[in-house]
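As provided, final33.cif (mmCIF, C-alpha atoms) reads as follows.
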```cif
data_coords
loop_
_atom_site.label_atom_id
_atom_site.label_comp_id
_atom_site.auth_asym_id
_atom_site.auth_seq_id
_atom_site.Cartn_x
_atom_site.Cartn_y
_atom_site.Cartn_z
CA MET A 25 -6.30 -26.04 8.32
CA ASP A 26 -7.61 -23.17 10.44
CA PHE A 27 -6.21 -19.65 10.28
CA VAL A 28 -7.19 -16.72 12.48
CA GLU A 29 -8.04 -13.96 10.04
CA LEU A 30 -7.57 -10.31 10.97
CA ALA A 31 -10.68 -8.55 12.22
CA ALA A 32 -11.96 -5.53 10.31
CA ASP A 33 -10.25 -2.99 12.59
CA GLN A 34 -7.00 -4.96 12.51
CA SER A 35 -7.07 -5.07 8.72
CA ARG A 36 -7.72 -1.33 8.58
CA GLU A 37 -4.79 -0.54 10.87
CA THR A 38 -2.53 -2.93 8.99
CA ILE A 39 -3.16 -0.93 5.83
CA ASN A 40 -2.61 2.33 7.70
CA THR A 41 0.65 1.02 9.11
CA ARG A 42 1.99 -0.02 5.73
CA GLN A 43 1.14 3.34 4.19
CA ARG A 44 2.71 5.31 7.01
CA TYR A 45 5.76 3.08 7.08
CA GLN A 46 6.33 3.56 3.35
CA ALA A 47 6.00 7.32 3.80
CA TRP A 48 8.51 7.12 6.65
CA ARG A 49 10.98 5.14 4.52
CA ASN A 50 10.63 7.72 1.76
CA ALA A 51 11.29 10.50 4.27
CA VAL A 52 14.36 8.69 5.63
CA GLU A 53 15.71 8.26 2.10
CA ARG A 54 15.11 11.94 1.36
CA GLU A 55 16.84 12.99 4.58
CA HIS A 56 19.70 10.61 3.80
CA GLY A 57 20.31 12.57 0.61
CA PHE A 58 21.22 15.61 2.70
CA ARG A 59 23.94 13.93 4.74
CA GLY A 60 26.88 16.14 5.47
CA SER A 61 26.96 19.90 5.08
CA MET A 62 27.83 22.80 2.86
CA VAL A 63 30.54 25.06 4.27
CA TRP A 64 32.56 28.07 3.19
CA GLU A 65 36.33 27.73 3.17
CA THR A 66 38.81 30.47 2.44
CA SER A 67 41.70 30.00 0.06
CA LYS A 68 44.00 32.77 -1.23
CA GLY A 69 41.64 35.46 -0.04
CA HIS A 70 38.50 33.97 -1.61
CA ASP A 71 35.61 32.01 -0.12
CA TYR A 72 34.67 28.73 -1.74
CA LEU A 73 31.62 26.58 -1.11
CA PHE A 74 32.35 22.95 -0.32
CA ARG A 75 29.95 20.02 0.00
CA ALA A 76 31.26 17.83 2.83
CA SER A 77 29.98 14.31 3.43
CA TYR A 78 31.05 10.87 4.62
CA ALA A 79 31.34 7.98 2.17
CA ASP A 80 30.34 4.41 3.00
CA ASP A 81 33.94 3.64 3.97
CA GLY A 82 33.76 6.30 6.70
CA LYS A 83 36.11 8.72 5.01
CA ARG A 84 35.21 12.39 4.80
CA ARG A 85 34.82 13.73 1.29
CA GLN A 86 34.77 17.33 0.11
CA LYS A 87 33.80 18.71 -3.25
CA SER A 88 34.18 22.32 -4.31
CA LEU A 89 31.03 23.90 -5.68
CA GLY A 90 32.66 27.16 -6.71
CA ARG A 91 33.69 30.61 -5.49
CA ARG A 92 31.31 32.59 -3.32
CA SER A 93 28.68 34.27 -5.47
CA PRO A 94 24.93 34.90 -5.42
CA GLU A 95 24.51 31.51 -7.08
CA THR A 96 26.55 29.55 -4.55
CA GLU A 97 24.96 31.44 -1.64
CA ALA A 98 21.54 30.50 -3.00
CA LEU A 99 22.72 26.89 -3.42
CA LYS A 100 23.82 26.75 0.22
CA SER A 101 20.57 28.32 1.44
CA THR A 102 18.44 25.92 -0.61
CA PHE A 103 20.41 22.93 0.67
CA GLU A 104 20.01 23.94 4.31
CA ASN A 105 16.30 24.74 3.95
CA GLU A 106 15.54 21.47 2.19
CA ARG A 107 17.60 19.51 4.69
CA ALA A 108 15.68 21.08 7.56
CA SER A 109 12.40 20.31 5.79
CA ALA A 110 13.43 16.69 5.22
CA THR A 111 14.40 16.25 8.87
CA ALA A 112 11.18 17.84 10.11
CA SER A 113 9.13 15.58 7.82
CA ARG A 114 10.91 12.47 9.05
CA LYS A 115 10.40 13.48 12.69
CA ARG A 116 6.68 14.00 12.12
CA LEU A 117 6.47 10.54 10.62
CA ASP A 118 8.44 9.15 13.59
CA GLU A 119 5.64 10.44 15.79
CA ALA A 120 2.94 9.11 13.46
CA LEU A 121 4.50 5.63 13.51
CA ALA A 122 4.79 5.72 17.30
CA ARG A 123 1.07 6.52 17.57
CA GLN A 124 0.28 3.80 15.05
CA ALA A 125 2.32 1.28 17.02
CA ALA A 126 0.28 2.07 20.13
CA VAL A 127 -2.93 1.41 18.21
CA ASN A 128 -1.51 -1.85 16.87
CA ARG A 129 -0.56 -2.97 20.37
CA ALA A 130 -4.03 -2.20 21.66
CA LEU A 131 -5.46 -4.40 18.91
CA GLY A 132 -3.13 -7.27 19.78
CA MET A 133 -1.34 -7.23 16.45
CA GLY A 134 2.31 -7.46 17.56
CA ARG A 135 4.07 -10.57 16.30
CA VAL A 136 7.81 -10.45 15.50
CA PRO A 137 10.03 -10.83 18.61
CA LEU A 138 11.61 -7.52 19.56
CA ILE A 139 15.19 -8.77 19.39
CA ALA A 140 14.68 -10.14 15.86
CA ALA A 141 12.93 -6.95 14.76
CA ARG A 142 15.75 -4.76 16.06
CA ILE A 143 18.37 -6.86 14.27
CA LEU A 144 16.42 -6.81 11.00
CA ARG A 145 15.92 -3.04 11.15
CA LEU A 146 19.64 -2.49 11.60
CA LEU A 147 20.50 -4.88 8.76
CA ASP A 148 17.97 -3.03 6.61
CA GLN A 149 19.41 0.32 7.59
CA ARG A 150 22.91 -0.83 6.65
CA GLY A 151 21.68 -2.07 3.28
CA PHE A 152 22.30 -5.79 3.88
CA LEU A 153 18.72 -7.06 4.10
CA GLY A 154 17.72 -8.44 0.71
CA LYS A 155 21.18 -7.56 -0.65
CA GLY A 156 23.32 -10.38 0.65
CA LEU A 157 21.18 -11.54 3.56
CA ARG A 158 17.69 -13.03 3.68
CA VAL A 159 15.60 -14.26 6.57
CA VAL A 160 14.96 -18.00 6.49
CA GLY A 161 13.69 -20.48 9.04
CA THR A 162 10.81 -19.89 11.42
CA ASN A 163 10.94 -16.08 11.34
CA ALA A 164 9.96 -16.20 7.67
CA LEU A 165 6.48 -17.26 8.82
CA TYR A 166 5.81 -13.72 10.04
CA ALA A 167 6.18 -12.45 6.48
CA TYR A 168 3.78 -15.08 5.11
CA GLU A 169 1.08 -14.50 7.71
CA ALA A 170 1.36 -10.72 7.26
CA ALA A 171 0.92 -11.10 3.50
CA ALA A 172 -2.14 -13.31 4.04
CA GLY A 173 -3.70 -11.13 6.74
CA VAL A 174 -3.87 -13.95 9.27
CA PHE A 175 -2.34 -15.05 12.56
CA LEU A 176 -0.61 -18.41 12.66
CA ASP A 177 -0.57 -20.67 15.70
CA PRO A 178 2.15 -19.37 18.07
CA GLY A 179 3.24 -22.96 18.49
CA ILE A 180 4.83 -22.99 15.04
CA THR A 181 6.08 -19.37 15.02
CA ALA A 182 7.80 -19.33 18.42
CA THR A 183 11.59 -19.38 18.09
CA GLY A 184 14.67 -18.35 20.00
CA ASP A 185 16.90 -17.79 17.02
CA LEU A 186 17.22 -15.92 13.74
CA ASP A 187 18.54 -17.69 10.63
CA LEU A 188 20.18 -15.45 8.06
CA LEU A 189 20.90 -16.88 4.62
CA PHE A 190 24.14 -15.47 3.21
CA ASP A 191 24.08 -15.19 -0.57
CA ALA A 192 27.72 -15.57 -1.55
CA ARG A 193 26.92 -14.50 -5.11
CA ARG A 194 25.97 -11.01 -3.95
CA GLY A 195 28.85 -10.59 -1.56
CA LEU A 196 28.63 -8.96 1.84
CA ASN A 197 31.28 -6.42 2.72
CA LEU A 198 30.60 -6.40 6.43
CA VAL A 199 34.22 -5.88 7.38
CA GLY A 200 34.66 -2.88 5.12
CA ASP A 201 31.45 -1.17 6.14
CA ALA A 202 32.04 2.14 7.84
CA ALA A 203 29.74 1.24 10.72
CA LEU A 204 31.57 -1.96 11.56
CA SER A 205 34.90 -2.92 13.07
CA GLN A 206 36.90 -6.06 12.36
CA ASP A 207 34.31 -8.25 14.08
CA GLY A 208 31.87 -7.93 11.19
CA LEU A 209 28.37 -9.22 11.83
CA VAL A 210 29.02 -9.89 15.53
CA ASP A 211 29.97 -6.27 16.04
CA LEU A 212 26.81 -5.19 14.27
CA LEU A 213 24.76 -7.36 16.61
CA ARG A 214 26.49 -5.74 19.58
CA ARG A 215 24.88 -2.49 18.56
CA ILE A 216 21.60 -4.18 19.47
CA ASP A 217 22.80 -6.06 22.56
CA ARG A 218 26.31 -5.70 23.95
CA SER A 219 26.27 -9.28 25.20
CA PHE A 220 26.30 -10.78 21.68
CA ARG A 221 29.42 -12.80 21.02
CA LYS A 222 30.67 -15.43 18.62
CA SER A 223 29.84 -18.90 19.94
CA ARG A 224 31.99 -21.98 19.73
CA GLN A 225 30.17 -22.79 16.51
CA GLY A 226 31.82 -20.34 14.16
CA PHE A 227 28.61 -19.59 12.28
CA ARG A 228 26.62 -18.55 15.35
CA ALA A 229 26.35 -15.49 17.60
CA GLU A 230 24.61 -15.67 20.98
CA ASN A 231 23.69 -13.25 23.74
CA ASP A 232 23.34 -13.61 27.49
CA GLU A 233 19.67 -14.56 27.18
CA GLY A 234 20.45 -17.44 24.84
CA TYR A 235 19.14 -15.79 21.67
CA LEU A 236 20.97 -17.16 18.64
CA VAL A 237 21.75 -15.64 15.24
CA ASP A 238 22.96 -18.17 12.69
CA LEU A 239 24.70 -17.27 9.43
CA ILE A 240 24.14 -20.06 6.89
CA THR A 241 24.95 -20.54 3.22
CA PRO A 242 24.65 -23.23 0.53
CA MET A 243 27.31 -25.90 0.22
CA ARG A 244 30.13 -24.95 -2.09
CA ARG A 245 30.39 -26.76 -5.40
CA PRO A 246 32.98 -28.19 -5.67
CA PRO A 247 33.46 -28.83 -1.94
CA TRP A 248 37.08 -27.65 -2.01
CA ALA A 249 36.20 -24.24 -3.42
CA LEU A 250 37.33 -21.33 -1.33
CA PRO A 251 34.73 -19.96 1.11
CA SER A 252 33.15 -16.64 0.28
CA SER A 253 31.68 -15.81 3.67
CA PRO A 254 32.39 -12.43 5.27
CA THR A 255 35.94 -12.60 6.54
CA GLY A 256 38.01 -10.84 9.17
CA PRO A 257 39.17 -11.49 12.74
CA GLY A 258 36.17 -12.62 14.77
CA ALA A 259 33.77 -12.65 11.82
CA LEU A 260 31.12 -15.34 11.66
CA GLU A 261 31.84 -18.06 9.12
CA ALA A 262 28.64 -19.08 7.36
CA ALA A 263 27.75 -22.72 7.94
CA GLU A 264 27.37 -24.63 4.69
CA ILE A 265 24.13 -26.59 4.58
CA GLU A 266 22.81 -28.89 1.88
CA GLY A 267 19.69 -27.70 0.08
CA LEU A 268 20.17 -23.98 0.75
CA SER A 269 21.04 -23.32 -2.90
CA TRP A 270 17.30 -23.79 -3.57
CA LEU A 271 16.52 -20.95 -1.17
CA GLU A 272 19.36 -18.86 -2.54
CA ASN A 273 17.90 -19.14 -6.04
CA ALA A 274 14.28 -18.71 -4.98
CA PRO A 275 12.45 -15.46 -5.74
CA ALA A 276 12.61 -12.98 -2.90
CA PHE A 277 9.47 -12.40 -0.86
CA GLU A 278 9.15 -9.06 0.93
CA GLN A 279 6.52 -8.04 3.46
CA ILE A 280 5.96 -5.58 6.29
CA ALA A 281 5.19 -7.30 9.59
CA LEU A 282 4.69 -5.92 13.10
CA ASP A 283 6.97 -6.49 16.06
CA GLU A 284 5.72 -7.29 19.55
CA ARG A 285 5.21 -3.59 20.29
CA GLY A 286 3.24 -2.97 17.10
CA ALA A 287 6.00 -1.24 15.15
CA PRO A 288 6.56 -2.18 11.49
CA VAL A 289 9.57 -4.20 10.39
CA ARG A 290 10.57 -5.13 6.86
CA LEU A 291 11.16 -8.82 6.18
CA VAL A 292 12.91 -10.16 3.09
CA THR A 293 12.71 -13.92 2.83
CA VAL A 294 12.04 -16.56 0.14
CA ASP A 295 8.98 -17.45 -1.91
CA PRO A 296 6.55 -19.30 0.43
CA ARG A 297 6.14 -22.16 -2.06
CA VAL A 298 9.86 -22.83 -1.98
CA PHE A 299 9.85 -22.51 1.80
CA ALA A 300 7.09 -25.14 2.12
CA ILE A 301 8.74 -27.60 -0.25
CA HIS A 302 12.17 -27.13 1.34
CA LYS A 303 10.71 -27.67 4.83
CA HIS A 304 8.99 -30.85 3.66
CA TRP A 305 12.30 -32.10 2.26
CA ILE A 306 14.08 -31.33 5.55
CA ALA A 307 11.35 -33.06 7.57
CA ASN A 308 11.88 -36.26 5.60
CA ARG A 309 15.65 -36.40 5.93
CA PRO A 310 16.63 -39.45 7.99
CA ASP A 311 19.30 -37.50 9.88
CA ARG A 312 16.89 -34.79 11.04
CA ASP A 313 16.23 -34.52 14.78
CA PRO A 314 12.77 -36.13 15.40
CA LEU A 315 11.48 -33.13 17.39
CA LYS A 316 12.55 -30.70 14.69
CA ARG A 317 11.23 -33.03 11.99
CA ARG A 318 7.66 -32.82 13.27
CA ARG A 319 7.85 -29.04 13.51
CA ASP A 320 9.31 -28.80 10.00
CA ALA A 321 6.49 -30.92 8.61
CA GLU A 322 3.86 -28.79 10.34
CA GLN A 323 5.41 -25.59 9.04
CA ALA A 324 5.53 -27.03 5.52
CA ARG A 325 1.85 -27.99 5.59
CA THR A 326 0.82 -24.66 7.14
CA VAL A 327 2.69 -22.47 4.65
CA ALA A 328 1.47 -24.54 1.70
CA ALA A 329 -2.15 -24.24 2.89
CA LEU A 330 -1.78 -20.51 3.58
CA THR A 331 -0.30 -19.90 0.14
CA ARG A 332 -3.09 -21.77 -1.64
CA ARG A 333 -5.87 -20.12 0.33
CA TYR A 334 -4.68 -16.52 0.51
CA LEU A 335 -1.86 -16.00 -1.99
CA GLY A 336 -3.60 -17.22 -5.12
CA HIS A 337 -1.14 -15.47 -7.44
CA LEU A 338 1.54 -17.90 -6.21
CA ALA A 339 0.38 -21.18 -7.72
CA PHE A 340 2.32 -24.38 -7.16
CA GLU A 341 3.27 -24.63 -10.81
CA ALA A 342 6.36 -26.55 -11.83
CA SER A 343 7.44 -23.74 -14.18
CA ASP A 344 7.72 -21.41 -11.17
CA LEU A 345 9.78 -23.87 -9.15
CA LEU A 346 12.62 -24.69 -11.50
CA MET A 347 15.21 -23.95 -8.81
CA LEU A 348 14.03 -27.12 -7.05
CA PRO A 349 14.75 -30.71 -8.14
CA ARG A 350 11.68 -32.21 -9.79
CA GLY A 351 11.69 -35.22 -7.51
CA VAL A 352 11.70 -32.99 -4.42
CA VAL A 353 8.75 -30.99 -5.76
CA GLU A 354 6.73 -34.09 -6.67
CA GLU A 355 7.36 -35.71 -3.30
CA ALA A 356 6.37 -32.52 -1.48
CA MET A 357 3.19 -32.13 -3.53
CA ALA A 358 2.17 -35.62 -2.52
CA GLY A 359 2.98 -34.93 1.12
CA ILE A 360 1.59 -31.42 1.67
CA GLY A 361 -1.31 -31.67 -0.78
#
```

Would you write the structure of this file as structure tokens?
Amino acid sequence: MDFVELAADQSRETINTRQRYQAWRNAVEREHGFRGSMVWETSKGHDYLFRASYADDGKRRQKSLGRRSPETEALKSTFENERASATASRKRLDEALARQAAVNRALGMGRVPLIAARILRLLDQRGFLGKGLRVVGTNALYAYEAAAGVFLDPGITATGDLDLLFDARRGLNLVGDAALSQDGLVDLLRRIDRSFRKSRQGFRAENDEGYLVDLITPMRRPPWALPSSPTGPGALEAAEIEGLSWLENAPAFEQIALDERGAPVRLVTVDPRVFAIHKHWIANRPDRDPLKRRRDAEQARTVAALTRRYLGHLAFEASDLLMLPRGVVEEAMAGIG
């Protein structure tokens, strides 16, 4: 199977992008630590220093740091200076990433559709990506090709939807998040595109351009168990699909890919070996749509070949694939080589 490997200059800029993006994430985390403010408040004729901030539930919190003194004045001054430094550092890295994105575009390195990248960045920012939600389906291919340093055939990466695997074991407090209203995930998507709405299928959101975001989860065992999807008026109800427990239990696979404009985006998906075997299993289900079946089979073969050729540390060893039924693994190994 042929893969288009990155040219020397593309490889160099990929490394530069990852380094700058990690520095940017560190700067964002540092700046995040200075949320809120330190203010003086007067009580009974004395000034007191308070640290004011907003908790994840959106409520304002205040904590007294003591009566005004040289120590508390120094504490306030240090806080404000370090906060300004953190913000300035993050802004400089904003500019560095913007310049890097322009270089990446010029080298033709953009891959992840913009709408998917924007959604994933917001999920990451809110702390859901990799902590309750994983990317599965076709968009996972962008993580695998980025890890391998290759470009896959656009014919198998093109997609008009984003599949998000909801891990009910981790929980996902979308409704209670300070940034969200009662509509949960749909409301979050509206921050990206106001036209997103819940479709007739309760697990799916769609926008005016027909882009789909599906929330899926493994089948409950036993079937009559209560659902554990995010709840609330208007919230998406994760569709229960057979076989997703294998993906839910698979090791996470994280990689930095580039969106269509060359900007980095963090992807958290599943181990590529599990992806390939799961896709092979889907492709051989008798109830699978024939058009989707052929695409599934091609994706399974491609990811298996990519993993063997470029990700040698991920061997197709049975001991690493215990979350999969043995028969499924053996059948896939015979089918995808």

### Query
CA of Leu260 in chain A and CA of Arg312 in chain A are how many Å apart?
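Interatomic distance here is 24.1 Å.
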
### Message
Given only C-alpha atoms as the basis, pick out the residue of A:Gln46, A:Thr96, A:Thr102, A:Ser67 nearest to Arg114 in chain A.
### Response
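Of A:Gln46, A:Thr96, A:Thr102, A:Ser67, the one nearest Arg114 in chain A is A:Gln46, counting only C-alpha atoms.
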
### Task
To one decimal in Å, tell me the separation between CA of Asn128 in chain A and CA of Ala281 in chain A.
11.3 Å

### Query
Care to translate the PyMOL selection byres ((chain A and resi 263-271) around 8) into actual residues of this file, as a count of residues only?
19

### Message
Which residues would end up in the selection if the PyMOL selection byres ((chain A and resi 175) around 8) were applied here, given that I need the answer as a ChimeraX atom specification?
### Response
/A:27-30,169-170,173-174,176-177

Box centre and edge lengths (Å, one decimal), axis-aligned, range 62-67 of chain A plus 8 Å each side, as AutoDock Vina command-line options:
```
--center_x 34.8 --center_y 26.6 --center_z 2.2 --size_x 29.9 --size_y 23.7 --size_z 20.2
```

Can you fill out range 302-313 of chain A with all heavy atoms and hand it back as a PDB file, in the coordinates of the input?
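This is the output file selection20.pdb:
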```pdb
ATOM      1  N   HIS A 302      10.878 -26.917   0.678  1.00  0.00           N
ATOM      2  CA  HIS A 302      12.170 -27.130   1.340  1.00  0.00           C
ATOM      3  C   HIS A 302      11.969 -27.697   2.744  1.00  0.00           C
ATOM      4  O   HIS A 302      12.676 -28.612   3.167  1.00  0.00           O
ATOM      5  CB  HIS A 302      12.948 -25.817   1.390  1.00  0.00           C
ATOM      6  CG  HIS A 302      14.284 -25.919   2.047  1.00  0.00           C
ATOM      7  ND1 HIS A 302      14.527 -25.469   3.321  1.00  0.00           N
ATOM      8  CD2 HIS A 302      15.458 -26.448   1.605  1.00  0.00           C
ATOM      9  CE1 HIS A 302      15.789 -25.696   3.640  1.00  0.00           C
ATOM     10  NE2 HIS A 302      16.383 -26.282   2.620  1.00  0.00           N
ATOM     11  N   LYS A 303      10.980 -27.169   3.481  1.00  0.00           N
ATOM     12  CA  LYS A 303      10.710 -27.670   4.830  1.00  0.00           C
ATOM     13  C   LYS A 303      10.249 -29.132   4.795  1.00  0.00           C
ATOM     14  O   LYS A 303      10.609 -29.930   5.668  1.00  0.00           O
ATOM     15  CB  LYS A 303       9.663 -26.791   5.511  1.00  0.00           C
ATOM     16  CG  LYS A 303      10.204 -25.527   6.136  1.00  0.00           C
ATOM     17  CD  LYS A 303      11.004 -25.836   7.398  1.00  0.00           C
ATOM     18  CE  LYS A 303      11.463 -24.575   8.092  1.00  0.00           C
ATOM     19  NZ  LYS A 303      12.208 -24.860   9.345  1.00  0.00           N
ATOM     20  N   HIS A 304       9.439 -29.468   3.797  1.00  0.00           N
ATOM     21  CA  HIS A 304       8.990 -30.850   3.660  1.00  0.00           C
ATOM     22  C   HIS A 304      10.183 -31.766   3.399  1.00  0.00           C
ATOM     23  O   HIS A 304      10.274 -32.875   3.952  1.00  0.00           O
ATOM     24  CB  HIS A 304       7.981 -30.970   2.519  1.00  0.00           C
ATOM     25  CG  HIS A 304       7.470 -32.360   2.305  1.00  0.00           C
ATOM     26  ND1 HIS A 304       8.095 -33.254   1.449  1.00  0.00           N
ATOM     27  CD2 HIS A 304       6.414 -33.030   2.850  1.00  0.00           C
ATOM     28  CE1 HIS A 304       7.435 -34.391   1.465  1.00  0.00           C
ATOM     29  NE2 HIS A 304       6.423 -34.294   2.303  1.00  0.00           N
ATOM     30  N   TRP A 305      11.093 -31.317   2.560  1.00  0.00           N
ATOM     31  CA  TRP A 305      12.300 -32.100   2.260  1.00  0.00           C
ATOM     32  C   TRP A 305      13.131 -32.307   3.526  1.00  0.00           C
ATOM     33  O   TRP A 305      13.603 -33.418   3.803  1.00  0.00           O
ATOM     34  CB  TRP A 305      13.100 -31.382   1.187  1.00  0.00           C
ATOM     35  CG  TRP A 305      14.420 -32.013   0.863  1.00  0.00           C
ATOM     36  CD1 TRP A 305      14.645 -33.115   0.090  1.00  0.00           C
ATOM     37  CD2 TRP A 305      15.712 -31.574   1.308  1.00  0.00           C
ATOM     38  NE1 TRP A 305      15.993 -33.384   0.021  1.00  0.00           N
ATOM     39  CE2 TRP A 305      16.665 -32.459   0.753  1.00  0.00           C
ATOM     40  CE3 TRP A 305      16.145 -30.511   2.094  1.00  0.00           C
ATOM     41  CZ2 TRP A 305      18.033 -32.306   0.982  1.00  0.00           C
ATOM     42  CZ3 TRP A 305      17.512 -30.358   2.334  1.00  0.00           C
ATOM     43  CH2 TRP A 305      18.435 -31.254   1.784  1.00  0.00           C
ATOM     44  N   ILE A 306      13.308 -31.222   4.309  1.00  0.00           N
ATOM     45  CA  ILE A 306      14.080 -31.330   5.550  1.00  0.00           C
ATOM     46  C   ILE A 306      13.419 -32.310   6.512  1.00  0.00           C
ATOM     47  O   ILE A 306      14.085 -33.141   7.142  1.00  0.00           O
ATOM     48  CB  ILE A 306      14.219 -29.949   6.223  1.00  0.00           C
ATOM     49  CG1 ILE A 306      15.099 -29.023   5.382  1.00  0.00           C
ATOM     50  CG2 ILE A 306      14.797 -30.085   7.630  1.00  0.00           C
ATOM     51  CD1 ILE A 306      15.188 -27.611   5.929  1.00  0.00           C
ATOM     52  N   ALA A 307      12.085 -32.208   6.623  1.00  0.00           N
ATOM     53  CA  ALA A 307      11.350 -33.060   7.570  1.00  0.00           C
ATOM     54  C   ALA A 307      11.493 -34.537   7.244  1.00  0.00           C
ATOM     55  O   ALA A 307      11.333 -35.383   8.135  1.00  0.00           O
ATOM     56  CB  ALA A 307       9.870 -32.667   7.576  1.00  0.00           C
ATOM     57  N   ASN A 308      11.795 -34.859   6.001  1.00  0.00           N
ATOM     58  CA  ASN A 308      11.880 -36.260   5.600  1.00  0.00           C
ATOM     59  C   ASN A 308      13.316 -36.763   5.491  1.00  0.00           C
ATOM     60  O   ASN A 308      13.530 -37.903   5.055  1.00  0.00           O
ATOM     61  CB  ASN A 308      11.153 -36.464   4.271  1.00  0.00           C
ATOM     62  CG  ASN A 308       9.648 -36.440   4.445  1.00  0.00           C
ATOM     63  OD1 ASN A 308       9.031 -37.442   4.778  1.00  0.00           O
ATOM     64  ND2 ASN A 308       9.046 -35.269   4.233  1.00  0.00           N
ATOM     65  N   ARG A 309      14.265 -35.938   5.914  1.00  0.00           N
ATOM     66  CA  ARG A 309      15.650 -36.400   5.930  1.00  0.00           C
ATOM     67  C   ARG A 309      15.850 -37.340   7.119  1.00  0.00           C
ATOM     68  O   ARG A 309      15.452 -37.026   8.247  1.00  0.00           O
ATOM     69  CB  ARG A 309      16.612 -35.215   6.033  1.00  0.00           C
ATOM     70  CG  ARG A 309      16.713 -34.395   4.755  1.00  0.00           C
ATOM     71  CD  ARG A 309      17.632 -33.203   4.938  1.00  0.00           C
ATOM     72  NE  ARG A 309      18.984 -33.617   5.314  1.00  0.00           N
ATOM     73  CZ  ARG A 309      19.961 -33.895   4.465  1.00  0.00           C
ATOM     74  NH1 ARG A 309      19.715 -33.834   3.160  1.00  0.00           N
ATOM     75  NH2 ARG A 309      21.161 -34.235   4.883  1.00  0.00           N
ATOM     76  N   PRO A 310      16.469 -38.485   6.903  1.00  0.00           N
ATOM     77  CA  PRO A 310      16.630 -39.450   7.990  1.00  0.00           C
ATOM     78  C   PRO A 310      17.519 -38.947   9.125  1.00  0.00           C
ATOM     79  O   PRO A 310      17.414 -39.434  10.255  1.00  0.00           O
ATOM     80  CB  PRO A 310      17.249 -40.671   7.303  1.00  0.00           C
ATOM     81  CG  PRO A 310      17.867 -40.135   6.051  1.00  0.00           C
ATOM     82  CD  PRO A 310      16.999 -38.998   5.620  1.00  0.00           C
ATOM     83  N   ASP A 311      18.399 -37.997   8.846  1.00  0.00           N
ATOM     84  CA  ASP A 311      19.300 -37.500   9.880  1.00  0.00           C
ATOM     85  C   ASP A 311      18.735 -36.314  10.648  1.00  0.00           C
ATOM     86  O   ASP A 311      19.402 -35.742  11.501  1.00  0.00           O
ATOM     87  CB  ASP A 311      20.652 -37.116   9.264  1.00  0.00           C
ATOM     88  CG  ASP A 311      20.514 -36.041   8.187  1.00  0.00           C
ATOM     89  OD1 ASP A 311      19.378 -35.782   7.732  1.00  0.00           O
ATOM     90  OD2 ASP A 311      21.554 -35.469   7.793  1.00  0.00           O
ATOM     91  N   ARG A 312      17.501 -35.931  10.367  1.00  0.00           N
ATOM     92  CA  ARG A 312      16.890 -34.790  11.040  1.00  0.00           C
ATOM     93  C   ARG A 312      16.446 -35.179  12.443  1.00  0.00           C
ATOM     94  O   ARG A 312      15.886 -36.266  12.645  1.00  0.00           O
ATOM     95  CB  ARG A 312      15.692 -34.273  10.225  1.00  0.00           C
ATOM     96  CG  ARG A 312      15.048 -32.995  10.750  1.00  0.00           C
ATOM     97  CD  ARG A 312      15.995 -31.845  10.710  1.00  0.00           C
ATOM     98  NE  ARG A 312      15.280 -30.560  10.881  1.00  0.00           N
ATOM     99  CZ  ARG A 312      15.879 -29.397  11.115  1.00  0.00           C
ATOM    100  NH1 ARG A 312      17.210 -29.346  11.206  1.00  0.00           N
ATOM    101  NH2 ARG A 312      15.178 -28.281  11.235  1.00  0.00           N
ATOM    102  N   ASP A 313      16.673 -34.288  13.408  1.00  0.00           N
ATOM    103  CA  ASP A 313      16.230 -34.520  14.780  1.00  0.00           C
ATOM    104  C   ASP A 313      14.713 -34.745  14.783  1.00  0.00           C
ATOM    105  O   ASP A 313      13.970 -33.965  14.189  1.00  0.00           O
ATOM    106  CB  ASP A 313      16.573 -33.303  15.635  1.00  0.00           C
ATOM    107  CG  ASP A 313      16.136 -33.445  17.075  1.00  0.00           C
ATOM    108  OD1 ASP A 313      14.929 -33.260  17.343  1.00  0.00           O
ATOM    109  OD2 ASP A 313      16.993 -33.737  17.926  1.00  0.00           O
TER     110      ASP A 313
END
```
